[in-house]
Each structure stands twice: as C-alpha cells, then as structure tokens.
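So the structure is just underneath, and the comments pick up after that.
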Amino acid sequence: MSAANTPIAPTGAMAMSGPPYPVRRWLVLVICCLSVGATGINLTIVNVALPSISADLHASLSSLQWTVSVYSLVMACLLILSGSMADRFGRKRIFQLGLTIFALGSLLCSLAPGVGWLITFVGVQAVGGSMLNPVAMSIIVSVFPDRGERARAIGVWGSVIGVTMAAGPVLGGLLVSDINWRSVFWISVPIGVAAFVLARRFVPESKSARARTFDPYGQALIIVLFVSVIATTIEGPRRGWTDPWIIALIVLAGAALIGILLVEPRRPEPLIDLRFFRSPPFSGANLISLMMTAGLGGFLFLNTLYLQDIRGCSPLRAGVMVIPMAAGQAVAATASGRLVAARRNRLALALGGALLAAGAFLLVALTAHTAIACLLVAYAVFGLGAGMVSPPVSHTAVAGLPLDQVGVAGALAASARQFGSAIGVAVAGSIVANSHSGFIQSSHAAWVVIGGCGLAVLALGIISTGSWARDVAARNGRRLTDRADDRSEYRPA
C-alpha cells in the first residue's frame, strides 16, 4: 500500500449531487467502518462455531485449525498486493471488488457441503477481506486531508475493529444456539451488499500519484514462505517430523526465506523493503504484532474448545463468558491511546505484555472444574493486555520512517498481525491435537507458550522504544529518504 495518497478536494466525485462535502466525508467513513466491521467480526465469530462445525462436518482438529488459520494466512499474503492494486487501479474500484468477493465467499461458506470446501471458501472470503482494510484506510486518508479530522476518523475506524471483534463471540453464540453454525457466515452478506451499494453512490474514486510497481517475485516468495510454515506447523505433529512431505515443506520454507533475502534487495520497488528492518522500532513492532496476535489467536482457539467440549457450555454461554476479555480490550485500548498521545509507548507495550503473560499463566493449571470466577479473571486480564498493546504498535512501527514510506510500513505490520494469528492457532492447536495425555493436560503446555508470547511482547516493547532504538531509526530514516531522492532523479514525472 503506497503512502502517496492523493487528497480528494470537494470537487469531481465529491461534488456530485447529494449531501454537502463535510457530511459526505463522514458517510464515506461509515461505509469504511461497515467493511472493517465485517472483517473484524469474522475474526472471532467463527471460533464459537468450531465445535458445531466439527460435529456436523466430521472435521478433525487439524481441519478446524485450517478453517481458522487460512483466513489470516491469505490476508497476510495479499494485504500489501491489495493496497498496491488499489493505488494503481483506483481505491473505490478495488474496495467494491473486495466487498463483492468477501460477501460471495461468506455465502459460499454457509453452503459448504464438507470441511474441505469450507476451508476453500474461507480462503475466498479472505481474498476479499485483504482488499478491504488497507484500502479503506487509504480512502479515509484521501477523503480527510485535515490532520485533526483524519486522526478522529481513523480513531473511529479503528475502534470499530475492537467493537466488532468483541461482539463476535456473543453474536456467534446466539446464532449457533438458535439456528446453526452456517448462520455465522450469513451476517457478512447483507453488510457487504449494503457497503457495496453505499460505496457506489458516495465513495469518490482516488489513485496514488505514483503507484508502486508489482513485484511478482516477492509476492510468490512470501506466499510460499507463509503457507509452508503454517502447513508444517499444523501437519508436522500429525504426520511426524520425518515424513517426506514435512521435510519438503521445511526445505521449501527455508528456500523461500533465502530467496526473499537475495531477491528483494535487488528489486527497484520490492514487495518487502528489507531496509525497513534496520529500524529497531519497526522490527520490534512487527515482532510484537506477531507475538500478540499469535497469543490472541491461540487463546481464542483453545478457549472455545475448552468451554464447549470440556465444560459442556452452549455456544451462547461460551460467547457470553468471554465478554470480560472484550471489555478488558475496550477499556485498555482507551487508556493505552492516552499513553501513546503522551509519548509513553514503552509503558503501554510493557504493561500490555505483562498482562498478556499473566492472563495466560493463570490458565496453566486449568482443569475441567476450574472455578468460573478464575476463568473470568484470566479472560479480563488477557483482554486488558491485548487492548493495551494494540494502539502503540502502529505508532512504534513507523517511528523514524519517512512520511512517504509510512503506508508500506503499515501494510507490512498488518501482514505480521495476520500471520501471527495464523501461526498462533497452528501452534496451539498442534500442541493439544497430538498429545496422548488428553486436552486438559496438553493444554497446559499451550498456555505456557501463549504466556511466553506475552513475555516476548514485554521484552520487545522495552528494547524497541529506548533512546538507542530511536537514534538508529532516525539514521535509517534519513538513509531511506536520501535513497528515494536519488532514485526519483531518474524517474519520469
């Protein structure tokens, strides 16, 4: 996603008959919020339906892992490409295409005759989803040229993600209990259709002044790397680490990583600009994003199976029980936002990592009869940690980078979040799926791993926000600016 966003003045598309320009801008924000709401709710609503999907489609635990992981995996692979396509071909056009594919994928998921088809259709859904979040952000930036209004608009847009993710488990539990698991996919269809119709009428078309060129080598390598890592993590424990297919996947992942390190620095406009990773705040923020979402993804996956399969909770009750986690996220996100505004990123990240670790470690001694009060406390603490970490991550990622590189850096951070979610589900699920000691005993190790993710967030938050890290980031930012200026001399206007 290029950062070279072309501001939209109150002329052209925005000057068409209809609401006044200021009102029209906020209508565009509402439309963007609808899109991110659909993708946000999809991240959590499906988890509640997993036991029902398993029973109805006779799905194995590894199949459930793929059902959840494939969404984040596809999103991680395509986010940067989708943002680049929007900059080149038009943000409104790609946004509407994303809404169409997302709604169609959701409908197909609800009609899936088997778990293999369901995994495939979730992948289709994710292709559309990859065109929504980064493109919606670009649309908001282009429609709100004033920095203050833009900040408020992005704040509203970002809060919708948290609200819809929090509402997902409760709404999913209600739908699964009253109808069936297929109904959790229905909700995205009318939202997608409504957003498409409104976007056609009110969203102005915009393009980047100079869109990034397509990097087919980088795109292919990142897909091979991400898919092979996730496939190895999910299938390795089941097939055995000496299985020829698993060995081939490990070799493929290594080859893809080496390919990225060798090929991308030689591309004029690489999909992944490795020079960004010379900035400690950027590298730290990406690792923090990966660890935080890995912990959150594993937490939600394990907790759903525990509440419904072990405790015998109905889908609705299971959804209601995680409300403390959602409430903790909302409260902590607000407090963290104030810390970020006061330039206290380190405190927000360190506190968030500590709370994530504490929430997970509270569940290490989990039994089939653990007191409900203990569960709710653990959920609330973990939610506080997740909410505390989210706001400062994006701010830390772009610290010291040139303004014209912020969009690409943000897209890379978003990819890290999605990949983290996929790897968290894969790792946590693999730990409990291939143990002979039963779910409860094997889950203890999984909770330790999730707690370890929180400790990693704590350590990385401290390391990546110190004065040394800021100084290195500033020097790297100046080098990036100088290199960009040098290249622009040979580029046609």
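How things are named: the first chain in the structure tokens is A, the next is B, and so on; residues count from 1 in each chain; ligands count from 1 in the order shown.
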> Within 12 Å of Ser60 of chain A, counting only C-alpha atoms, which residues qualify if same-chain residues fewer than 6 places away don't, as a VMD selection string?
Replying inline: chain A and resid 50 to 54 66 to 67 114 to 116 234 to 235 238 429 to 430 433 to 434
Considering only C-alpha atoms, tabulate each residue of segment 272-349 of chain A that lies at most 10 Å from segment 376-386 of chain A along with its nearest interatomic pair and the corresponding distance in Å to one decimal; arrange the rows by chain and ascending residue number and present them as CSV.
```
residue,atom,partner,partner_atom,distance
A:Met292,CA,A:Ala386,CA,7.0
A:Thr293,CA,A:Ala386,CA,8.4
A:Gly295,CA,A:Ala386,CA,9.1
A:Leu296,CA,A:Ala386,CA,7.5
A:Phe299,CA,A:Phe382,CA,9.0
A:Asn303,CA,A:Tyr379,CA,9.6
A:Met321,CA,A:Leu376,CA,7.0
A:Val322,CA,A:Tyr379,CA,6.5
A:Ile323,CA,A:Ala380,CA,8.2
A:Pro324,CA,A:Ala380,CA,4.7
A:Met325,CA,A:Gly383,CA,4.1
A:Ala326,CA,A:Gly383,CA,6.1
A:Ala327,CA,A:Gly383,CA,7.2
A:Gly328,CA,A:Leu384,CA,4.3
A:Gln329,CA,A:Gly383,CA,4.6
A:Ala330,CA,A:Leu384,CA,7.9
A:Val331,CA,A:Leu384,CA,7.2
A:Ala332,CA,A:Leu384,CA,5.2
A:Ala333,CA,A:Leu384,CA,7.9
A:Ala335,CA,A:Leu384,CA,9.9
A:Ser336,CA,A:Leu384,CA,9.9
A:Ala348,CA,A:Gly385,CA,9.2
A:Leu349,CA,A:Gly385,CA,8.7
```
Can you spit out the residues from that selection as a compact mmCIF listing (two decimals), in the first residue's frame, using all heavy atoms?
```
# COMPACT_ATOMS: atom_id res chain seq x y z
N MET A 292 1.76 -10.84 19.76
CA MET A 292 0.47 -10.52 20.39
C MET A 292 -0.68 -11.26 19.71
O MET A 292 -1.53 -11.87 20.37
CB MET A 292 0.24 -9.01 20.35
CG MET A 292 -0.95 -8.54 21.19
SD MET A 292 -2.53 -8.56 20.31
CE MET A 292 -2.37 -7.08 19.33
N THR A 293 -0.72 -11.21 18.38
CA THR A 293 -1.83 -11.88 17.68
C THR A 293 -1.68 -13.39 17.71
O THR A 293 -2.69 -14.11 17.66
CB THR A 293 -1.92 -11.39 16.23
OG1 THR A 293 -0.65 -11.54 15.58
CG2 THR A 293 -2.33 -9.92 16.18
N GLY A 295 -0.58 -15.02 20.34
CA GLY A 295 -1.16 -15.34 21.64
C GLY A 295 -2.67 -15.23 21.63
O GLY A 295 -3.37 -16.11 22.16
N LEU A 296 -3.19 -14.17 21.01
CA LEU A 296 -4.64 -13.98 20.97
C LEU A 296 -5.33 -15.06 20.15
O LEU A 296 -6.37 -15.60 20.55
CB LEU A 296 -4.95 -12.59 20.40
CG LEU A 296 -6.42 -12.19 20.31
CD1 LEU A 296 -7.05 -12.19 21.70
CD2 LEU A 296 -6.58 -10.82 19.66
N PHE A 299 -5.22 -18.27 22.09
CA PHE A 299 -6.10 -18.13 23.24
C PHE A 299 -7.56 -18.39 22.85
O PHE A 299 -8.26 -19.20 23.49
CB PHE A 299 -5.96 -16.72 23.82
CG PHE A 299 -6.66 -16.51 25.13
CD1 PHE A 299 -5.95 -16.50 26.32
CD2 PHE A 299 -8.03 -16.32 25.20
CE1 PHE A 299 -6.58 -16.31 27.54
CE2 PHE A 299 -8.69 -16.12 26.40
CZ PHE A 299 -7.96 -16.11 27.57
N ASN A 303 -9.65 -21.71 24.01
CA ASN A 303 -10.72 -21.41 24.94
C ASN A 303 -12.07 -21.88 24.41
O ASN A 303 -12.92 -22.36 25.18
CB ASN A 303 -10.76 -19.91 25.23
CG ASN A 303 -11.72 -19.56 26.34
OD1 ASN A 303 -11.55 -19.98 27.47
ND2 ASN A 303 -12.75 -18.79 26.01
N MET A 321 -19.28 -15.77 28.10
CA MET A 321 -18.21 -15.87 29.09
C MET A 321 -16.95 -15.11 28.71
O MET A 321 -16.15 -14.76 29.57
CB MET A 321 -17.88 -17.34 29.37
CG MET A 321 -18.92 -18.03 30.25
SD MET A 321 -18.42 -19.70 30.72
CE MET A 321 -16.97 -19.36 31.73
N VAL A 322 -16.76 -14.85 27.42
CA VAL A 322 -15.55 -14.11 27.03
C VAL A 322 -15.80 -12.61 26.97
O VAL A 322 -14.92 -11.85 26.55
CB VAL A 322 -15.00 -14.60 25.67
CG1 VAL A 322 -14.57 -16.05 25.76
CG2 VAL A 322 -16.00 -14.40 24.55
N ILE A 323 -16.99 -12.16 27.40
CA ILE A 323 -17.26 -10.72 27.45
C ILE A 323 -16.22 -9.98 28.30
O ILE A 323 -15.79 -8.88 27.93
CB ILE A 323 -18.69 -10.45 27.95
CG1 ILE A 323 -19.71 -10.83 26.86
CG2 ILE A 323 -18.87 -9.00 28.35
CD1 ILE A 323 -21.15 -10.64 27.27
N PRO A 324 -15.79 -10.52 29.47
CA PRO A 324 -14.74 -9.82 30.23
C PRO A 324 -13.48 -9.55 29.42
O PRO A 324 -12.84 -8.51 29.59
CB PRO A 324 -14.46 -10.77 31.39
CG PRO A 324 -15.74 -11.51 31.59
CD PRO A 324 -16.28 -11.72 30.20
N MET A 325 -13.12 -10.46 28.53
CA MET A 325 -11.95 -10.23 27.70
C MET A 325 -12.20 -9.07 26.74
O MET A 325 -11.34 -8.19 26.56
CB MET A 325 -11.58 -11.48 26.91
CG MET A 325 -10.27 -11.34 26.14
SD MET A 325 -9.70 -12.85 25.35
CE MET A 325 -10.78 -12.89 23.94
N ALA A 326 -13.39 -9.05 26.11
CA ALA A 326 -13.73 -7.96 25.21
C ALA A 326 -13.80 -6.63 25.94
O ALA A 326 -13.31 -5.60 25.45
CB ALA A 326 -15.07 -8.26 24.53
N ALA A 327 -14.39 -6.65 27.14
CA ALA A 327 -14.48 -5.42 27.93
C ALA A 327 -13.09 -4.94 28.33
O ALA A 327 -12.78 -3.73 28.29
CB ALA A 327 -15.33 -5.66 29.17
N GLY A 328 -12.21 -5.88 28.69
CA GLY A 328 -10.84 -5.52 29.04
C GLY A 328 -10.12 -4.88 27.86
O GLY A 328 -9.38 -3.90 28.03
N GLN A 329 -10.33 -5.42 26.66
CA GLN A 329 -9.72 -4.84 25.47
C GLN A 329 -10.17 -3.40 25.27
O GLN A 329 -9.36 -2.52 24.96
CB GLN A 329 -10.06 -5.67 24.23
CG GLN A 329 -9.25 -6.94 24.08
CD GLN A 329 -9.59 -7.67 22.81
OE1 GLN A 329 -10.56 -8.42 22.74
NE2 GLN A 329 -8.81 -7.46 21.78
N ALA A 330 -11.48 -3.17 25.39
CA ALA A 330 -12.02 -1.84 25.15
C ALA A 330 -11.48 -0.83 26.16
O ALA A 330 -11.06 0.28 25.80
CB ALA A 330 -13.55 -1.89 25.21
N VAL A 331 -11.48 -1.20 27.43
CA VAL A 331 -11.00 -0.30 28.49
C VAL A 331 -9.51 -0.01 28.31
O VAL A 331 -9.07 1.15 28.37
CB VAL A 331 -11.27 -0.91 29.88
CG1 VAL A 331 -10.57 -0.09 30.97
CG2 VAL A 331 -12.78 -0.97 30.15
N ALA A 332 -8.73 -1.05 28.08
CA ALA A 332 -7.29 -0.88 27.97
C ALA A 332 -6.91 -0.11 26.71
O ALA A 332 -5.94 0.67 26.73
CB ALA A 332 -6.59 -2.23 27.98
N ALA A 333 -7.64 -0.32 25.61
CA ALA A 333 -7.33 0.41 24.38
C ALA A 333 -7.48 1.91 24.57
O ALA A 333 -6.67 2.70 24.07
CB ALA A 333 -8.22 -0.08 23.25
N ALA A 335 -7.22 3.57 27.49
CA ALA A 335 -6.13 4.01 28.35
C ALA A 335 -4.80 4.03 27.60
O ALA A 335 -3.99 4.95 27.75
CB ALA A 335 -6.03 3.10 29.58
N SER A 336 -4.58 3.02 26.76
CA SER A 336 -3.34 2.95 26.01
C SER A 336 -3.24 4.09 25.01
O SER A 336 -2.15 4.64 24.79
CB SER A 336 -3.25 1.61 25.28
OG SER A 336 -2.05 1.49 24.57
N ALA A 348 3.06 1.50 27.71
CA ALA A 348 1.89 0.79 27.19
C ALA A 348 2.26 -0.62 26.73
O ALA A 348 1.57 -1.61 27.03
CB ALA A 348 1.26 1.58 26.05
N LEU A 349 3.37 -0.75 26.00
CA LEU A 349 3.78 -2.06 25.49
C LEU A 349 4.22 -2.99 26.61
O LEU A 349 3.88 -4.18 26.62
CB LEU A 349 4.91 -1.89 24.47
CG LEU A 349 4.51 -1.23 23.14
CD1 LEU A 349 5.74 -0.91 22.32
CD2 LEU A 349 3.56 -2.14 22.36
```
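Note that the spacing between atom CA of Leu79 of chain A and atom CA of Val340 of chain A amounts to 25.7 Å.
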> Which residues in segment 119-356 of chain A does DSSP call helix (DSSP H, G or I)? List them as a VMD selection string.
Replying inline: chain A and resid 119 to 130 133 to 143 147 to 178 183 to 186 188 to 202 216 to 239 244 to 266 274 to 278 280 to 310 315 to 321 323 to 341 345 to 356
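A straight line drawn from atom CA of Gly284 of chain A to atom CA of Leu460 of chain A is 5.8 Å long.
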> Which residues, written as an MDAnalysis selection string, have at least one atom at most 12 Å from Gly254 of chain A, with only C-alpha atoms counted and residues fewer than 5 positions away on the same chain left out?
Replying inline: chainID A and resid 221:222 224:226 228:229 232 247:249 259:261
Pull N, CA and C atoms from the residues just selected and write them as a PDB file, in the first residue's frame.
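Below is the file part_5.pdb, written as the result:
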```
ATOM      1  N   LEU A 221       7.275 -15.456  -3.388  1.00  0.00           N
ATOM      2  CA  LEU A 221       8.122 -15.941  -2.301  1.00  0.00           C
ATOM      3  C   LEU A 221       7.437 -15.828  -0.948  1.00  0.00           C
ATOM      4  N   ILE A 222       6.714 -14.725  -0.716  1.00  0.00           N
ATOM      5  CA  ILE A 222       6.052 -14.552   0.581  1.00  0.00           C
ATOM      6  C   ILE A 222       4.913 -15.549   0.735  1.00  0.00           C
ATOM      7  N   VAL A 224       4.800 -18.604  -0.657  1.00  0.00           N
ATOM      8  CA  VAL A 224       5.439 -19.906  -0.409  1.00  0.00           C
ATOM      9  C   VAL A 224       5.933 -19.999   1.026  1.00  0.00           C
ATOM     10  N   LEU A 225       6.560 -18.924   1.531  1.00  0.00           N
ATOM     11  CA  LEU A 225       7.087 -18.934   2.887  1.00  0.00           C
ATOM     12  C   LEU A 225       5.973 -19.086   3.915  1.00  0.00           C
ATOM     13  N   PHE A 226       4.950 -18.242   3.829  1.00  0.00           N
ATOM     14  CA  PHE A 226       3.873 -18.273   4.822  1.00  0.00           C
ATOM     15  C   PHE A 226       3.110 -19.592   4.794  1.00  0.00           C
ATOM     16  N   SER A 228       4.034 -22.572   3.629  1.00  0.00           N
ATOM     17  CA  SER A 228       4.835 -23.733   4.049  1.00  0.00           C
ATOM     18  C   SER A 228       5.067 -23.738   5.554  1.00  0.00           C
ATOM     19  N   VAL A 229       5.234 -22.562   6.169  1.00  0.00           N
ATOM     20  CA  VAL A 229       5.418 -22.504   7.625  1.00  0.00           C
ATOM     21  C   VAL A 229       4.153 -22.948   8.349  1.00  0.00           C
ATOM     22  N   THR A 232       3.541 -26.722   7.800  1.00  0.00           N
ATOM     23  CA  THR A 232       4.471 -27.517   8.615  1.00  0.00           C
ATOM     24  C   THR A 232       4.031 -27.551  10.066  1.00  0.00           C
ATOM     25  N   ILE A 247       9.378 -32.712   5.570  1.00  0.00           N
ATOM     26  CA  ILE A 247      10.758 -32.305   5.261  1.00  0.00           C
ATOM     27  C   ILE A 247      10.781 -31.397   4.037  1.00  0.00           C
ATOM     28  N   ALA A 248       9.977 -31.757   3.034  1.00  0.00           N
ATOM     29  CA  ALA A 248       9.912 -30.927   1.819  1.00  0.00           C
ATOM     30  C   ALA A 248       9.381 -29.534   2.131  1.00  0.00           C
ATOM     31  N   LEU A 249       8.387 -29.443   3.020  1.00  0.00           N
ATOM     32  CA  LEU A 249       7.843 -28.142   3.397  1.00  0.00           C
ATOM     33  C   LEU A 249       8.874 -27.294   4.138  1.00  0.00           C
ATOM     34  N   GLY A 259      15.405 -16.848  -0.651  1.00  0.00           N
ATOM     35  CA  GLY A 259      15.032 -16.129  -1.870  1.00  0.00           C
ATOM     36  C   GLY A 259      14.649 -14.688  -1.588  1.00  0.00           C
ATOM     37  N   ILE A 260      13.880 -14.472  -0.518  1.00  0.00           N
ATOM     38  CA  ILE A 260      13.489 -13.106  -0.138  1.00  0.00           C
ATOM     39  C   ILE A 260      14.720 -12.273   0.193  1.00  0.00           C
ATOM     40  N   LEU A 261      15.653 -12.856   0.952  1.00  0.00           N
ATOM     41  CA  LEU A 261      16.845 -12.122   1.359  1.00  0.00           C
ATOM     42  C   LEU A 261      17.748 -11.795   0.171  1.00  0.00           C
TER      43      LEU A 261
END
```
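Near Ala360 of chain A, within 6 Å and counting only C-alpha atoms, sit Ala357, Leu363, Trp447 and Gly451 of chain A, not including residues fewer than 3 positions from it in the same chain.
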Those residues with N, CA, C and O atoms, as a JSON list (two decimals), in the first residue's frame please?
```json
[["chain", "number", "residue", "atom", "x", "y", "z"],
["A", 357, "ALA", "N", 0.87, -12.03, 29.50],
["A", 357, "ALA", "CA", 1.53, -13.18, 30.13],
["A", 357, "ALA", "C", 0.77, -13.63, 31.38],
["A", 357, "ALA", "O", 0.54, -14.84, 31.59],
["A", 363, "LEU", "N", -4.05, -19.64, 33.45],
["A", 363, "LEU", "CA", -4.76, -20.81, 32.92],
["A", 363, "LEU", "C", -3.86, -22.04, 32.78],
["A", 363, "LEU", "O", -4.31, -23.07, 32.30],
["A", 447, "TRP", "N", -0.80, -23.11, 27.08],
["A", 447, "TRP", "CA", -0.95, -21.86, 27.83],
["A", 447, "TRP", "C", 0.40, -21.27, 28.21],
["A", 447, "TRP", "O", 0.57, -20.04, 28.25],
["A", 451, "GLY", "N", 1.63, -17.64, 27.20],
["A", 451, "GLY", "CA", 2.22, -16.73, 28.19],
["A", 451, "GLY", "C", 3.60, -16.25, 27.76],
["A", 451, "GLY", "O", 3.96, -15.09, 27.98]]
```
>> Need the shell around segment 192-196 of chain A: protein/DNA/RNA residues with any atom at most 7 Å away, counting only C-alpha atoms. Skip same-chain ones fewer than 3 positions apart. Format as number ranges by chain?
In response: A: 31, 34-35, 96, 99-100, 103, 188-189, 199-200
> Using only C-alpha atoms, which of the listed residues (A:Leu107, A:Ile101, A:Asp243, A:Leu316) sits closest to Pro169 of chain A?
Replying inline: A:Leu316
>> Which residues are close to Ile272 of chain A, i.e. within 12 Å by only C-alpha atoms, leaving aside same-chain residues fewer than 2 positions away? Reply as a PyMOL selection string.
In response: chain A and resi 1+77+79-81+212+214-222+257+259-270+274-277+405+408-413+415-416
